[in-house]
Structure formats: C-alpha cells, structure tokens
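Undergrad: Just dropping this structure here.
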Amino acid sequence: MTSIFHAVVTGTSSGIGQAIAQRLLGDGWRVTGFDLAPASIQAAAFRAVSVDLTDTRAARDALDATQDVTALVHAAGIMRGGKLGSLDLGASDLLWRVHVDAAIALADRLAPRLAEGGRIVLIGSRAARGVANRSQYGATKAALVGLARSWAKELAPRGITVNVVAPAATDTAMLADPGRSAVPPVMPPIGRLIRPEEVAALVAFLLSPDAAAITGQEIAICGGASL
C-alpha cells in the first residue's frame, strides 16, 4: 500500500538531508529528494529528482511535477565563512540562494497545495544566533527563522505547521568543505558533534501528528552549545 505521507526533502545526497530521508523512509513515508548531486539512497519509496536549487524556476518546476506532497523539509545547505574586512560578497549571494531563496520558492509553491496536517521544516543553525567568522552563513540561517515564524502565523488556521530545527556542529561531510577551512567547528559541551540521525529524529517528530501544536519555533539541537 502506498503511504499517504509524502515528503519533499532537499539535500538528500549526504549529511543531514540524507539522514532525514532515511529516517522518514524507515517510518513508512514516501520521500522525493531534490538534489544537484547524484542520488545516494536506493529504496522503493524514494524518488530522486535532479535540480539546481539556486535556480528558483527549476525548483518550482520540480515541485509542480511532484504530486501528493504532505511535507517539505529544506535541508540542503552549504558553508562559507570569513572574517569581517575580507568577506567574499559572492559567497553571500550563493548562501542566500541555497538557504533562503530556495526555501521561499518551494514553500510558496507548496503551501496552497498542503492540506490540514501539512508540515514545513527548515534546517537552520545555531550560527543564526551569531558566531564569529560565520556572519554570512548565520545571516541566511537567521532569515529562515523570520520566514518560519511569519509562515506559521499565516498557515496555523489551516492546521499546517512551520518550524526551524537548528543544529550545532554536526558530524557530516560539510565539516570538510573547503569553504569552511578557516572556520573550524566548535565542539559542544557534551564532548562530541551532533549526529545527523539525532537531527533526523527531531524532524520526524515535527512531521508527526503528535507535533500538531508546535509551530513557529526555532528548536536547537546543540549538545549544550547554546547554554
């Protein structure tokens, strides 16, 4: 039997997005992954869609071709860092297009189609609260919080929730991204990095009926780094 729960998850080729897709598949969801990189998940209930999320028209077209969506999880992301006085302005544009413009394009297209019980989860970052040498990255993640709170107010009367999950440094391939070589991760007080599966578990809960009263929130999963 085909599951009635169908999530579009961006960034499923690796890292947090991949962990989220695998968790949802294990929970009985159908998952459509939007990625530029080749698919890394092989499952009967998984469909890979190749799309450049920096191209908002392509992102909208891909969503238009995906039917019966009940949830959106925007997990695709990149890291760029730098010190004030030597910032790469081109990095700001790229970060904004991947994190913010893609979220806007997808949510704007999907929201009118979502039925009661629909869910939108955006993957933010603890850096949204301010981290040295990550101002551009943090600014785009902070923008997601503003979007989520605004959309949550708009969609609450329809029984649709919108939330941000904000991890601290997470054990993914992004830590080895050359774009963050000058910005080493800070170890949380628990003495280890956040595991992608822990982020996925929180996202899975927020997509569940049990989380129907949680909306407009930025929920940190930071191992004590916010204390």
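In the structure tokens, the first chain shown is A, the next is B, and so on; residue numbers restart at 1 for each chain, and ligands run from 1 in the order shown.
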Going by DSSP on the backbone, which bits of chain A are alpha helix (DSSP H)? Write them as a tab-separated table (two decimals) with all heavy atoms, in the first residue's frame, please.

TA:
```tsv
chain	number	residue	atom	x	y	z
A	15	GLY	N	24.76	13.93	4.36
A	15	GLY	CA	24.60	14.69	5.59
A	15	GLY	C	23.23	14.63	6.23
A	15	GLY	O	22.57	13.58	6.28
A	16	ILE	N	22.77	15.76	6.73
A	16	ILE	CA	21.52	15.84	7.47
A	16	ILE	C	20.34	15.47	6.58
A	16	ILE	O	19.43	14.73	6.99
A	16	ILE	CB	21.34	17.24	8.08
A	16	ILE	CG1	22.35	17.45	9.21
A	16	ILE	CG2	19.92	17.44	8.60
A	16	ILE	CD1	22.37	18.87	9.78
A	17	GLY	N	20.33	15.97	5.35
A	17	GLY	CA	19.23	15.66	4.44
A	17	GLY	C	19.11	14.18	4.17
A	17	GLY	O	18.01	13.62	4.12
A	18	GLN	N	20.24	13.52	3.99
A	18	GLN	CA	20.24	12.08	3.77
A	18	GLN	C	19.70	11.34	5.00
A	18	GLN	O	18.88	10.42	4.88
A	18	GLN	CB	21.66	11.59	3.47
A	18	GLN	CG	21.76	10.10	3.17
A	18	GLN	CD	23.20	9.67	2.97
A	18	GLN	OE1	23.98	9.63	3.92
A	18	GLN	NE2	23.56	9.39	1.73
A	19	ALA	N	20.14	11.76	6.19
A	19	ALA	CA	19.67	11.13	7.42
A	19	ALA	C	18.17	11.31	7.59
A	19	ALA	O	17.47	10.39	8.04
A	19	ALA	CB	20.42	11.69	8.62
A	20	ILE	N	17.66	12.48	7.25
A	20	ILE	CA	16.22	12.74	7.36
A	20	ILE	C	15.45	11.84	6.40
A	20	ILE	O	14.45	11.22	6.78
A	20	ILE	CB	15.92	14.23	7.08
A	20	ILE	CG1	16.47	15.10	8.21
A	20	ILE	CG2	14.41	14.45	6.92
A	20	ILE	CD1	16.46	16.57	7.90
A	21	ALA	N	15.92	11.77	5.16
A	21	ALA	CA	15.24	10.92	4.18
A	21	ALA	C	15.22	9.46	4.64
A	21	ALA	O	14.19	8.78	4.56
A	21	ALA	CB	15.92	11.05	2.82
A	22	GLN	N	16.34	8.98	5.14
A	22	GLN	CA	16.41	7.59	5.58
A	22	GLN	C	15.51	7.34	6.79
A	22	GLN	O	14.86	6.29	6.88
A	22	GLN	CB	17.86	7.23	5.90
A	22	GLN	CG	18.74	7.15	4.66
A	22	GLN	CD	20.21	6.97	4.97
A	22	GLN	OE1	20.71	7.43	5.99
A	22	GLN	NE2	20.93	6.28	4.09
A	23	ARG	N	15.44	8.30	7.71
A	23	ARG	CA	14.57	8.15	8.87
A	23	ARG	C	13.10	8.09	8.43
A	23	ARG	O	12.33	7.23	8.89
A	23	ARG	CB	14.79	9.30	9.85
A	23	ARG	CG	13.78	9.38	10.99
A	23	ARG	CD	13.82	8.13	11.86
A	23	ARG	NE	12.75	8.14	12.85
A	23	ARG	CZ	12.95	8.36	14.15
A	23	ARG	NH1	14.17	8.61	14.61
A	23	ARG	NH2	11.93	8.33	14.99
A	24	LEU	N	12.71	8.99	7.54
A	24	LEU	CA	11.32	9.02	7.09
A	24	LEU	C	10.96	7.75	6.32
A	24	LEU	O	9.87	7.20	6.49
A	24	LEU	CB	11.07	10.26	6.24
A	24	LEU	CG	11.19	11.60	6.97
A	24	LEU	CD1	10.92	12.75	6.01
A	24	LEU	CD2	10.24	11.67	8.16
A	25	LEU	N	11.88	7.28	5.49
A	25	LEU	CA	11.63	6.02	4.78
A	25	LEU	C	11.43	4.88	5.77
A	25	LEU	O	10.54	4.04	5.59
A	25	LEU	CB	12.80	5.72	3.83
A	25	LEU	CG	12.91	6.62	2.60
A	25	LEU	CD1	14.28	6.44	1.94
A	25	LEU	CD2	11.80	6.33	1.59
A	26	GLY	N	12.24	4.86	6.81
A	26	GLY	CA	12.11	3.84	7.82
A	26	GLY	C	10.81	3.93	8.59
A	26	GLY	O	10.29	2.93	9.10
A	56	THR	N	15.56	29.13	-8.94
A	56	THR	CA	14.24	29.05	-8.31
A	56	THR	C	13.17	28.58	-9.29
A	56	THR	O	12.22	27.89	-8.87
A	56	THR	CB	13.83	30.42	-7.73
A	56	THR	OG1	13.93	31.43	-8.73
A	56	THR	CG2	14.73	30.78	-6.55
A	57	ARG	N	13.29	28.89	-10.55
A	57	ARG	CA	12.30	28.41	-11.52
A	57	ARG	C	12.37	26.90	-11.65
A	57	ARG	O	11.34	26.22	-11.68
A	57	ARG	CB	12.51	29.06	-12.88
A	57	ARG	CG	11.59	28.50	-13.97
A	57	ARG	CD	11.66	29.29	-15.25
A	57	ARG	NE	11.10	30.62	-15.08
A	57	ARG	CZ	11.00	31.52	-16.06
A	57	ARG	NH1	11.46	31.23	-17.28
A	57	ARG	NH2	10.46	32.70	-15.84
A	58	ALA	N	13.60	26.36	-11.70
A	58	ALA	CA	13.76	24.91	-11.78
A	58	ALA	C	13.22	24.23	-10.52
A	58	ALA	O	12.60	23.16	-10.60
A	58	ALA	CB	15.24	24.56	-11.97
A	59	ALA	N	13.44	24.85	-9.37
A	59	ALA	CA	12.93	24.29	-8.12
A	59	ALA	C	11.40	24.25	-8.13
A	59	ALA	O	10.79	23.25	-7.73
A	59	ALA	CB	13.44	25.10	-6.93
A	60	ARG	N	10.79	25.33	-8.58
A	60	ARG	CA	9.33	25.37	-8.64
A	60	ARG	C	8.79	24.35	-9.63
A	60	ARG	O	7.80	23.67	-9.37
A	60	ARG	CB	8.85	26.77	-9.01
A	60	ARG	CG	9.04	27.81	-7.92
A	60	ARG	CD	8.25	29.07	-8.23
A	60	ARG	NE	8.68	29.70	-9.47
A	60	ARG	CZ	9.54	30.71	-9.53
A	60	ARG	NH1	10.09	31.17	-8.42
A	60	ARG	NH2	9.88	31.24	-10.69
A	61	ASP	N	9.46	24.24	-10.77
A	61	ASP	CA	9.01	23.27	-11.78
A	61	ASP	C	9.11	21.84	-11.25
A	61	ASP	O	8.22	21.02	-11.50
A	61	ASP	CB	9.85	23.41	-13.05
A	61	ASP	CG	9.54	24.68	-13.84
A	61	ASP	OD1	8.53	25.33	-13.53
A	61	ASP	OD2	10.34	25.01	-14.74
A	62	ALA	N	10.18	21.55	-10.52
A	62	ALA	CA	10.33	20.21	-9.96
A	62	ALA	C	9.23	19.92	-8.95
A	62	ALA	O	8.70	18.81	-8.89
A	62	ALA	CB	11.70	20.08	-9.29
A	63	LEU	N	8.86	20.93	-8.17
A	63	LEU	CA	7.79	20.74	-7.19
A	63	LEU	C	6.44	20.57	-7.89
A	63	LEU	O	5.62	19.75	-7.47
A	63	LEU	CB	7.76	21.91	-6.23
A	63	LEU	CG	6.89	21.74	-4.98
A	63	LEU	CD1	7.31	20.52	-4.18
A	63	LEU	CD2	6.96	22.99	-4.11
A	64	ASP	N	6.22	21.32	-8.95
A	64	ASP	CA	4.97	21.21	-9.70
A	64	ASP	C	4.78	19.80	-10.25
A	64	ASP	O	3.65	19.32	-10.39
A	64	ASP	CB	4.93	22.21	-10.85
A	64	ASP	CG	4.73	23.64	-10.39
A	64	ASP	OD1	4.35	23.84	-9.22
A	64	ASP	OD2	4.98	24.56	-11.19
A	89	LEU	N	31.84	38.72	-1.11
A	89	LEU	CA	30.45	39.11	-1.32
A	89	LEU	C	29.71	38.11	-2.21
A	89	LEU	O	28.50	37.95	-2.10
A	89	LEU	CB	30.38	40.51	-1.92
A	89	LEU	CG	30.99	41.63	-1.05
A	89	LEU	CD1	30.76	42.98	-1.69
A	89	LEU	CD2	30.40	41.59	0.35
A	90	GLY	N	30.44	37.43	-3.07
A	90	GLY	CA	29.81	36.40	-3.90
A	90	GLY	C	29.30	35.25	-3.06
A	90	GLY	O	28.29	34.61	-3.41
A	91	ALA	N	29.97	34.97	-1.95
A	91	ALA	CA	29.52	33.91	-1.06
A	91	ALA	C	28.18	34.25	-0.44
A	91	ALA	O	27.33	33.37	-0.24
A	91	ALA	CB	30.56	33.66	0.04
A	92	SER	N	27.95	35.52	-0.14
A	92	SER	CA	26.66	35.94	0.41
A	92	SER	C	25.53	35.59	-0.55
A	92	SER	O	24.48	35.08	-0.13
A	92	SER	CB	26.66	37.44	0.69
A	92	SER	OG	27.57	37.79	1.69
A	93	ASP	N	25.74	35.87	-1.81
A	93	ASP	CA	24.71	35.60	-2.82
A	93	ASP	C	24.43	34.11	-2.92
A	93	ASP	O	23.26	33.69	-2.96
A	93	ASP	CB	25.16	36.15	-4.17
A	93	ASP	CG	24.14	35.89	-5.27
A	93	ASP	OD1	23.01	36.39	-5.17
A	93	ASP	OD2	24.48	35.15	-6.23
A	94	LEU	N	25.48	33.30	-2.95
A	94	LEU	CA	25.30	31.85	-3.06
A	94	LEU	C	24.59	31.29	-1.84
A	94	LEU	O	23.65	30.48	-1.96
A	94	LEU	CB	26.65	31.17	-3.24
A	94	LEU	CG	26.62	29.64	-3.37
A	94	LEU	CD1	25.77	29.21	-4.56
A	94	LEU	CD2	28.04	29.08	-3.48
A	95	LEU	N	25.02	31.69	-0.64
A	95	LEU	CA	24.39	31.22	0.58
A	95	LEU	C	22.91	31.60	0.61
A	95	LEU	O	22.06	30.80	1.00
A	95	LEU	CB	25.10	31.83	1.80
A	95	LEU	CG	26.48	31.26	2.13
A	95	LEU	CD1	27.24	32.22	3.03
A	95	LEU	CD2	26.35	29.90	2.80
A	96	TRP	N	22.62	32.82	0.21
A	96	TRP	CA	21.22	33.29	0.22
A	96	TRP	C	20.36	32.48	-0.75
A	96	TRP	O	19.24	32.10	-0.43
A	96	TRP	CB	21.16	34.77	-0.10
A	96	TRP	CG	19.81	35.37	0.16
A	96	TRP	CD1	18.77	35.49	-0.71
A	96	TRP	CD2	19.35	35.90	1.40
A	96	TRP	NE1	17.69	36.06	-0.09
A	96	TRP	CE2	18.02	36.32	1.20
A	96	TRP	CE3	19.94	36.05	2.67
A	96	TRP	CZ2	17.26	36.90	2.23
A	96	TRP	CZ3	19.18	36.63	3.68
A	96	TRP	CH2	17.86	37.04	3.45
A	102	ALA	N	15.66	29.35	-2.12
A	102	ALA	CA	15.11	28.02	-2.40
A	102	ALA	C	13.96	27.71	-1.46
A	102	ALA	O	12.93	27.16	-1.87
A	102	ALA	CB	16.20	26.96	-2.29
A	103	ALA	N	14.12	28.06	-0.17
A	103	ALA	CA	13.05	27.83	0.79
A	103	ALA	C	11.80	28.61	0.40
A	103	ALA	O	10.67	28.09	0.46
A	103	ALA	CB	13.51	28.23	2.20
A	104	ILE	N	11.99	29.86	0.01
A	104	ILE	CA	10.85	30.70	-0.38
A	104	ILE	C	10.17	30.12	-1.61
A	104	ILE	O	8.93	29.99	-1.65
A	104	ILE	CB	11.32	32.14	-0.64
A	104	ILE	CG1	11.77	32.80	0.67
A	104	ILE	CG2	10.19	32.95	-1.29
A	104	ILE	CD1	12.42	34.15	0.47
A	105	ALA	N	10.95	29.77	-2.62
A	105	ALA	CA	10.37	29.25	-3.86
A	105	ALA	C	9.57	27.99	-3.62
A	105	ALA	O	8.45	27.83	-4.14
A	105	ALA	CB	11.48	29.00	-4.88
A	106	LEU	N	10.10	27.08	-2.82
A	106	LEU	CA	9.43	25.79	-2.59
A	106	LEU	C	8.20	25.96	-1.70
A	106	LEU	O	7.13	25.42	-1.99
A	106	LEU	CB	10.41	24.80	-1.98
A	106	LEU	CG	11.56	24.36	-2.89
A	106	LEU	CD1	12.58	23.55	-2.11
A	106	LEU	CD2	11.04	23.55	-4.08
A	107	ALA	N	8.35	26.70	-0.61
A	107	ALA	CA	7.21	26.86	0.30
A	107	ALA	C	6.09	27.65	-0.36
A	107	ALA	O	4.91	27.34	-0.17
A	107	ALA	CB	7.67	27.55	1.59
A	108	ASP	N	6.45	28.67	-1.11
A	108	ASP	CA	5.44	29.48	-1.78
A	108	ASP	C	4.63	28.65	-2.77
A	108	ASP	O	3.42	28.82	-2.91
A	108	ASP	CB	6.11	30.65	-2.50
A	108	ASP	CG	5.10	31.60	-3.13
A	108	ASP	OD1	4.32	32.20	-2.39
A	108	ASP	OD2	5.11	31.71	-4.38
A	109	ARG	N	5.30	27.73	-3.44
A	109	ARG	CA	4.63	26.88	-4.42
A	109	ARG	C	3.80	25.79	-3.74
A	109	ARG	O	2.74	25.42	-4.22
A	109	ARG	CB	5.67	26.23	-5.33
A	109	ARG	CG	5.16	25.84	-6.69
A	109	ARG	CD	4.80	27.05	-7.51
A	109	ARG	NE	4.85	26.78	-8.94
A	109	ARG	CZ	4.85	27.72	-9.85
A	109	ARG	NH1	4.83	29.00	-9.49
A	109	ARG	NH2	4.88	27.42	-11.15
A	110	LEU	N	4.32	25.28	-2.62
A	110	LEU	CA	3.67	24.14	-1.99
A	110	LEU	C	2.52	24.52	-1.06
A	110	LEU	O	1.51	23.81	-0.99
A	110	LEU	CB	4.70	23.33	-1.19
A	110	LEU	CG	4.17	22.09	-0.45
A	110	LEU	CD1	3.57	21.10	-1.45
A	110	LEU	CD2	5.26	21.44	0.37
A	135	SER	N	29.41	35.14	9.67
A	135	SER	CA	28.33	36.13	9.64
A	135	SER	C	27.40	35.93	8.45
A	135	SER	O	26.17	36.02	8.59
A	135	SER	CB	28.92	37.54	9.60
A	135	SER	OG	29.80	37.71	8.49
A	136	GLN	N	27.96	35.65	7.28
A	136	GLN	CA	27.11	35.49	6.09
A	136	GLN	C	26.26	34.24	6.21
A	136	GLN	O	25.05	34.27	5.92
A	136	GLN	CB	27.99	35.42	4.83
A	136	GLN	CG	28.77	36.70	4.56
A	136	GLN	CD	30.01	36.41	3.74
A	136	GLN	OE1	30.93	35.75	4.21
A	136	GLN	NE2	30.04	36.92	2.52
A	137	TYR	N	26.86	33.15	6.62
A	137	TYR	CA	26.13	31.90	6.81
A	137	TYR	C	25.05	32.09	7.88
A	137	TYR	O	23.88	31.72	7.68
A	137	TYR	CB	27.11	30.81	7.24
A	137	TYR	CG	26.49	29.48	7.57
A	137	TYR	CD1	26.13	28.59	6.57
A	137	TYR	CD2	26.28	29.10	8.90
A	137	TYR	CE1	25.56	27.35	6.89
A	137	TYR	CE2	25.73	27.88	9.22
A	137	TYR	CZ	25.37	27.00	8.21
A	137	TYR	OH	24.81	25.78	8.51
A	138	GLY	N	25.43	32.67	9.01
A	138	GLY	CA	24.48	32.88	10.10
A	138	GLY	C	23.32	33.77	9.70
A	138	GLY	O	22.18	33.53	10.12
A	139	ALA	N	23.59	34.77	8.87
A	139	ALA	CA	22.53	35.67	8.45
A	139	ALA	C	21.47	34.95	7.63
A	139	ALA	O	20.26	35.19	7.78
A	139	ALA	CB	23.11	36.83	7.64
A	140	THR	N	21.91	34.04	6.76
A	140	THR	CA	20.93	33.32	5.94
A	140	THR	C	20.13	32.34	6.80
A	140	THR	O	18.93	32.14	6.55
A	140	THR	CB	21.59	32.57	4.78
A	140	THR	OG1	22.50	31.56	5.28
A	140	THR	CG2	22.37	33.52	3.89
A	141	LYS	N	20.77	31.76	7.80
A	141	LYS	CA	20.03	30.84	8.67
A	141	LYS	C	19.07	31.61	9.58
A	141	LYS	O	17.98	31.12	9.91
A	141	LYS	CB	21.01	30.00	9.50
A	141	LYS	CG	21.82	29.02	8.67
A	141	LYS	CD	20.94	27.98	7.98
A	141	LYS	CE	21.74	26.88	7.32
A	141	LYS	NZ	20.89	25.82	6.75
A	142	ALA	N	19.45	32.82	9.99
A	142	ALA	CA	18.55	33.65	10.78
A	142	ALA	C	17.33	34.05	9.95
A	142	ALA	O	16.22	34.15	10.47
A	142	ALA	CB	19.29	34.89	11.28
A	143	ALA	N	17.54	34.27	8.66
A	143	ALA	CA	16.42	34.61	7.79
A	143	ALA	C	15.38	33.51	7.76
A	143	ALA	O	14.18	33.78	7.66
A	143	ALA	CB	16.94	34.89	6.37
A	144	LEU	N	15.82	32.26	7.87
A	144	LEU	CA	14.88	31.15	7.88
A	144	LEU	C	13.94	31.22	9.08
A	144	LEU	O	12.77	30.84	9.00
A	144	LEU	CB	15.62	29.81	7.88
A	144	LEU	CG	16.45	29.48	6.64
A	144	LEU	CD1	17.11	28.11	6.80
A	144	LEU	CD2	15.60	29.51	5.38
A	145	VAL	N	14.45	31.70	10.21
A	145	VAL	CA	13.62	31.84	11.39
A	145	VAL	C	12.52	32.87	11.15
A	145	VAL	O	11.35	32.66	11.50
A	145	VAL	CB	14.46	32.22	12.62
A	145	VAL	CG1	13.58	32.39	13.86
A	145	VAL	CG2	15.53	31.16	12.88
A	146	GLY	N	12.88	33.99	10.53
A	146	GLY	CA	11.88	35.00	10.22
A	146	GLY	C	10.82	34.48	9.27
A	146	GLY	O	9.62	34.75	9.44
A	147	LEU	N	11.26	33.73	8.27
A	147	LEU	CA	10.30	33.13	7.33
A	147	LEU	C	9.37	32.17	8.06
A	147	LEU	O	8.15	32.21	7.88
A	147	LEU	CB	11.05	32.38	6.23
A	147	LEU	CG	11.86	33.21	5.24
A	147	LEU	CD1	12.62	32.28	4.29
A	147	LEU	CD2	10.95	34.14	4.43
A	148	ALA	N	9.95	31.29	8.87
A	148	ALA	CA	9.15	30.26	9.54
A	148	ALA	C	8.11	30.87	10.47
A	148	ALA	O	6.96	30.43	10.50
A	148	ALA	CB	10.06	29.30	10.31
A	149	ARG	N	8.49	31.88	11.23
A	149	ARG	CA	7.55	32.49	12.16
A	149	ARG	C	6.42	33.20	11.42
A	149	ARG	O	5.25	33.13	11.83
A	149	ARG	CB	8.28	33.45	13.10
A	149	ARG	CG	9.20	32.74	14.09
A	149	ARG	CD	9.91	33.72	15.02
A	149	ARG	NE	8.97	34.45	15.86
A	149	ARG	CZ	8.45	33.98	16.99
A	149	ARG	NH1	8.76	32.76	17.40
A	149	ARG	NH2	7.63	34.71	17.70
A	150	SER	N	6.75	33.85	10.31
A	150	SER	CA	5.73	34.52	9.52
A	150	SER	C	4.79	33.52	8.86
A	150	SER	O	3.56	33.67	8.90
A	150	SER	CB	6.40	35.40	8.45
A	150	SER	OG	7.20	36.40	9.04
A	151	TRP	N	5.37	32.48	8.25
A	151	TRP	CA	4.54	31.47	7.59
A	151	TRP	C	3.69	30.72	8.60
A	151	TRP	O	2.55	30.35	8.30
A	151	TRP	CB	5.43	30.51	6.80
A	151	TRP	CG	6.14	31.14	5.65
A	151	TRP	CD1	5.85	32.32	5.04
A	151	TRP	CD2	7.29	30.61	4.97
A	151	TRP	NE1	6.74	32.57	4.02
A	151	TRP	CE2	7.62	31.54	3.96
A	151	TRP	CE3	8.06	29.45	5.12
A	151	TRP	CZ2	8.71	31.33	3.09
A	151	TRP	CZ3	9.14	29.24	4.26
A	151	TRP	CH2	9.46	30.18	3.25
A	152	ALA	N	4.24	30.47	9.79
A	152	ALA	CA	3.48	29.75	10.81
A	152	ALA	C	2.21	30.51	11.17
A	152	ALA	O	1.14	29.92	11.34
A	152	ALA	CB	4.34	29.54	12.05
A	153	LYS	N	2.31	31.83	11.28
A	153	LYS	CA	1.13	32.64	11.58
A	153	LYS	C	0.11	32.57	10.46
A	153	LYS	O	-1.11	32.51	10.70
A	153	LYS	CB	1.54	34.09	11.84
A	153	LYS	CG	2.33	34.29	13.13
A	153	LYS	CD	2.70	35.75	13.32
A	153	LYS	CE	3.49	35.94	14.61
A	153	LYS	NZ	3.85	37.37	14.83
A	154	GLU	N	0.59	32.57	9.22
A	154	GLU	CA	-0.32	32.52	8.08
A	154	GLU	C	-1.01	31.16	7.97
A	154	GLU	O	-2.20	31.09	7.60
A	154	GLU	CB	0.46	32.80	6.79
A	154	GLU	CG	1.01	34.20	6.67
A	154	GLU	CD	1.77	34.38	5.36
A	154	GLU	OE1	1.35	33.83	4.33
A	154	GLU	OE2	2.81	35.08	5.39
A	155	LEU	N	-0.29	30.09	8.26
A	155	LEU	CA	-0.80	28.75	7.98
A	155	LEU	C	-1.46	28.07	9.17
A	155	LEU	O	-2.13	27.05	9.00
A	155	LEU	CB	0.35	27.87	7.47
A	155	LEU	CG	0.98	28.31	6.14
A	155	LEU	CD1	2.19	27.45	5.80
A	155	LEU	CD2	-0.05	28.25	5.01
A	196	PRO	N	23.83	13.32	12.66
A	196	PRO	CA	22.74	13.61	11.72
A	196	PRO	C	21.46	12.87	12.08
A	196	PRO	O	20.35	13.40	11.90
A	196	PRO	CB	23.30	13.13	10.38
A	196	PRO	CG	24.78	13.17	10.53
A	196	PRO	CD	25.05	12.86	11.97
A	197	GLU	N	21.59	11.66	12.61
A	197	GLU	CA	20.41	10.87	12.97
A	197	GLU	C	19.61	11.53	14.11
A	197	GLU	O	18.39	11.35	14.20
A	197	GLU	CB	20.83	9.46	13.39
A	197	GLU	CG	21.45	8.64	12.27
A	197	GLU	CD	22.91	9.00	11.99
A	197	GLU	OE1	23.53	9.72	12.83
A	197	GLU	OE2	23.42	8.58	10.94
A	198	GLU	N	20.30	12.28	14.96
A	198	GLU	CA	19.60	12.99	16.04
A	198	GLU	C	18.77	14.13	15.48
A	198	GLU	O	17.65	14.38	15.93
A	198	GLU	CB	20.62	13.50	17.05
A	198	GLU	CG	21.32	12.38	17.81
A	198	GLU	CD	22.49	12.85	18.65
A	198	GLU	OE1	23.18	13.81	18.25
A	198	GLU	OE2	22.72	12.23	19.72
A	199	VAL	N	19.31	14.82	14.49
A	199	VAL	CA	18.55	15.88	13.82
A	199	VAL	C	17.35	15.26	13.10
A	199	VAL	O	16.23	15.79	13.15
A	199	VAL	CB	19.44	16.65	12.84
A	199	VAL	CG1	18.65	17.77	12.17
A	199	VAL	CG2	20.68	17.21	13.55
A	200	ALA	N	17.58	14.15	12.44
A	200	ALA	CA	16.51	13.48	11.69
A	200	ALA	C	15.38	13.05	12.62
A	200	ALA	O	14.20	13.13	12.25
A	200	ALA	CB	17.07	12.28	10.94
A	201	ALA	N	15.72	12.57	13.81
A	201	ALA	CA	14.70	12.14	14.75
A	201	ALA	C	13.80	13.30	15.17
A	201	ALA	O	12.58	13.15	15.29
A	201	ALA	CB	15.34	11.50	15.97
A	202	LEU	N	14.40	14.47	15.39
A	202	LEU	CA	13.61	15.64	15.75
A	202	LEU	C	12.72	16.07	14.60
A	202	LEU	O	11.55	16.41	14.80
A	202	LEU	CB	14.54	16.78	16.18
A	202	LEU	CG	13.86	18.11	16.54
A	202	LEU	CD1	12.79	17.92	17.61
A	202	LEU	CD2	14.90	19.13	16.99
A	203	VAL	N	13.26	16.06	13.40
A	203	VAL	CA	12.46	16.42	12.23
A	203	VAL	C	11.29	15.46	12.07
A	203	VAL	O	10.15	15.87	11.82
A	203	VAL	CB	13.33	16.43	10.95
A	203	VAL	CG1	12.45	16.58	9.70
A	203	VAL	CG2	14.36	17.55	11.01
A	204	ALA	N	11.55	14.17	12.24
A	204	ALA	CA	10.48	13.18	12.11
A	204	ALA	C	9.37	13.44	13.12
A	204	ALA	O	8.18	13.31	12.79
A	204	ALA	CB	11.05	11.77	12.30
A	205	PHE	N	9.74	13.83	14.33
A	205	PHE	CA	8.71	14.16	15.32
A	205	PHE	C	7.89	15.38	14.89
A	205	PHE	O	6.66	15.38	14.99
A	205	PHE	CB	9.33	14.42	16.69
A	205	PHE	CG	8.34	14.94	17.69
A	205	PHE	CD1	7.35	14.11	18.20
A	205	PHE	CD2	8.39	16.26	18.11
A	205	PHE	CE1	6.41	14.60	19.10
A	205	PHE	CE2	7.45	16.75	19.01
A	205	PHE	CZ	6.46	15.92	19.51
A	206	LEU	N	8.57	16.41	14.41
A	206	LEU	CA	7.85	17.62	14.00
A	206	LEU	C	6.91	17.36	12.82
A	206	LEU	O	5.92	18.07	12.65
A	206	LEU	CB	8.85	18.72	13.64
A	206	LEU	CG	9.64	19.31	14.81
A	206	LEU	CD1	10.71	20.26	14.31
A	206	LEU	CD2	8.72	20.01	15.80
A	207	LEU	N	7.20	16.35	12.02
A	207	LEU	CA	6.32	16.00	10.91
A	207	LEU	C	5.15	15.13	11.36
A	207	LEU	O	4.21	14.92	10.58
A	207	LEU	CB	7.11	15.26	9.83
A	207	LEU	CG	8.25	16.00	9.14
A	207	LEU	CD1	8.79	15.17	7.98
A	207	LEU	CD2	7.82	17.36	8.64
```

Undergrad: For Ile4 (chain A), list every protein, DNA or RNA residue within 10 Å, evaluated using only C-alpha atoms, and leave out those in the same chain fewer than 2 positions away; present the list as number ranges by chain.

TA: A: 1-2, 6-7, 28-30, 68-70

Undergrad: So that I can check the secondary structure, give me every residue of region 4-165 of chain A assigned strand (DSSP E or B) by backbone DSSP, as an MDAnalysis selection string.

TA: chainID A and resid 6:10 30:35 46:50 71:74 119:123 161:165

Undergrad: Pick out the closest residue to Ile120 (chain A) from this set: A:Ala212, A:Val98, A:Ala132, A:Ile221. Count only C-alpha atoms.

TA: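 Of all the options, A:Ala212 lies closest to Ile120 (chain A).
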
Undergrad: Skip region 34-46 of chain A itself and residues of its chain fewer than 6 positions away, then list as an MDAnalysis selection string all residues within 7 Å of it, counting only C-alpha atoms.

TA: chainID A and resid 9:13 25 52

Undergrad: Just write the chosen residues, all heavy atoms, as a compact mmCIF listing (two decimals), in the first residue's frame.

TA:
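What ended up in out.txt:
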```
# COMPACT_ATOMS: atom_id res chain seq x y z
N VAL A 9 12.24 16.37 0.40
CA VAL A 9 13.39 16.69 1.25
C VAL A 9 14.52 17.15 0.33
O VAL A 9 14.91 16.43 -0.59
CB VAL A 9 13.85 15.48 2.08
CG1 VAL A 9 15.02 15.88 2.99
CG2 VAL A 9 12.70 14.92 2.92
N THR A 10 15.05 18.32 0.58
CA THR A 10 16.19 18.80 -0.21
C THR A 10 17.48 18.36 0.45
O THR A 10 17.56 18.21 1.67
CB THR A 10 16.18 20.33 -0.35
OG1 THR A 10 16.41 20.94 0.93
CG2 THR A 10 14.83 20.83 -0.91
N GLY A 11 18.51 18.16 -0.37
CA GLY A 11 19.83 17.83 0.17
C GLY A 11 19.95 16.40 0.65
O GLY A 11 20.70 16.12 1.61
N THR A 12 19.28 15.45 -0.03
CA THR A 12 19.28 14.06 0.45
C THR A 12 20.51 13.27 0.01
O THR A 12 20.65 12.11 0.39
CB THR A 12 18.03 13.31 -0.02
OG1 THR A 12 18.01 13.28 -1.46
CG2 THR A 12 16.76 13.98 0.48
N SER A 13 21.39 13.87 -0.76
CA SER A 13 22.55 13.12 -1.24
C SER A 13 23.59 12.88 -0.15
O SER A 13 24.45 12.01 -0.29
CB SER A 13 23.20 13.84 -2.43
OG SER A 13 23.68 15.11 -2.04
N LEU A 25 11.88 7.28 5.49
CA LEU A 25 11.63 6.02 4.78
C LEU A 25 11.43 4.88 5.77
O LEU A 25 10.54 4.04 5.59
CB LEU A 25 12.80 5.72 3.83
CG LEU A 25 12.91 6.62 2.60
CD1 LEU A 25 14.28 6.44 1.94
CD2 LEU A 25 11.80 6.33 1.59
N ASP A 52 18.85 22.02 -9.58
CA ASP A 52 19.73 23.04 -9.02
C ASP A 52 18.88 24.00 -8.21
O ASP A 52 18.11 24.79 -8.77
CB ASP A 52 20.45 23.78 -10.14
CG ASP A 52 21.42 24.84 -9.64
OD1 ASP A 52 21.47 25.07 -8.41
OD2 ASP A 52 22.12 25.45 -10.48
```
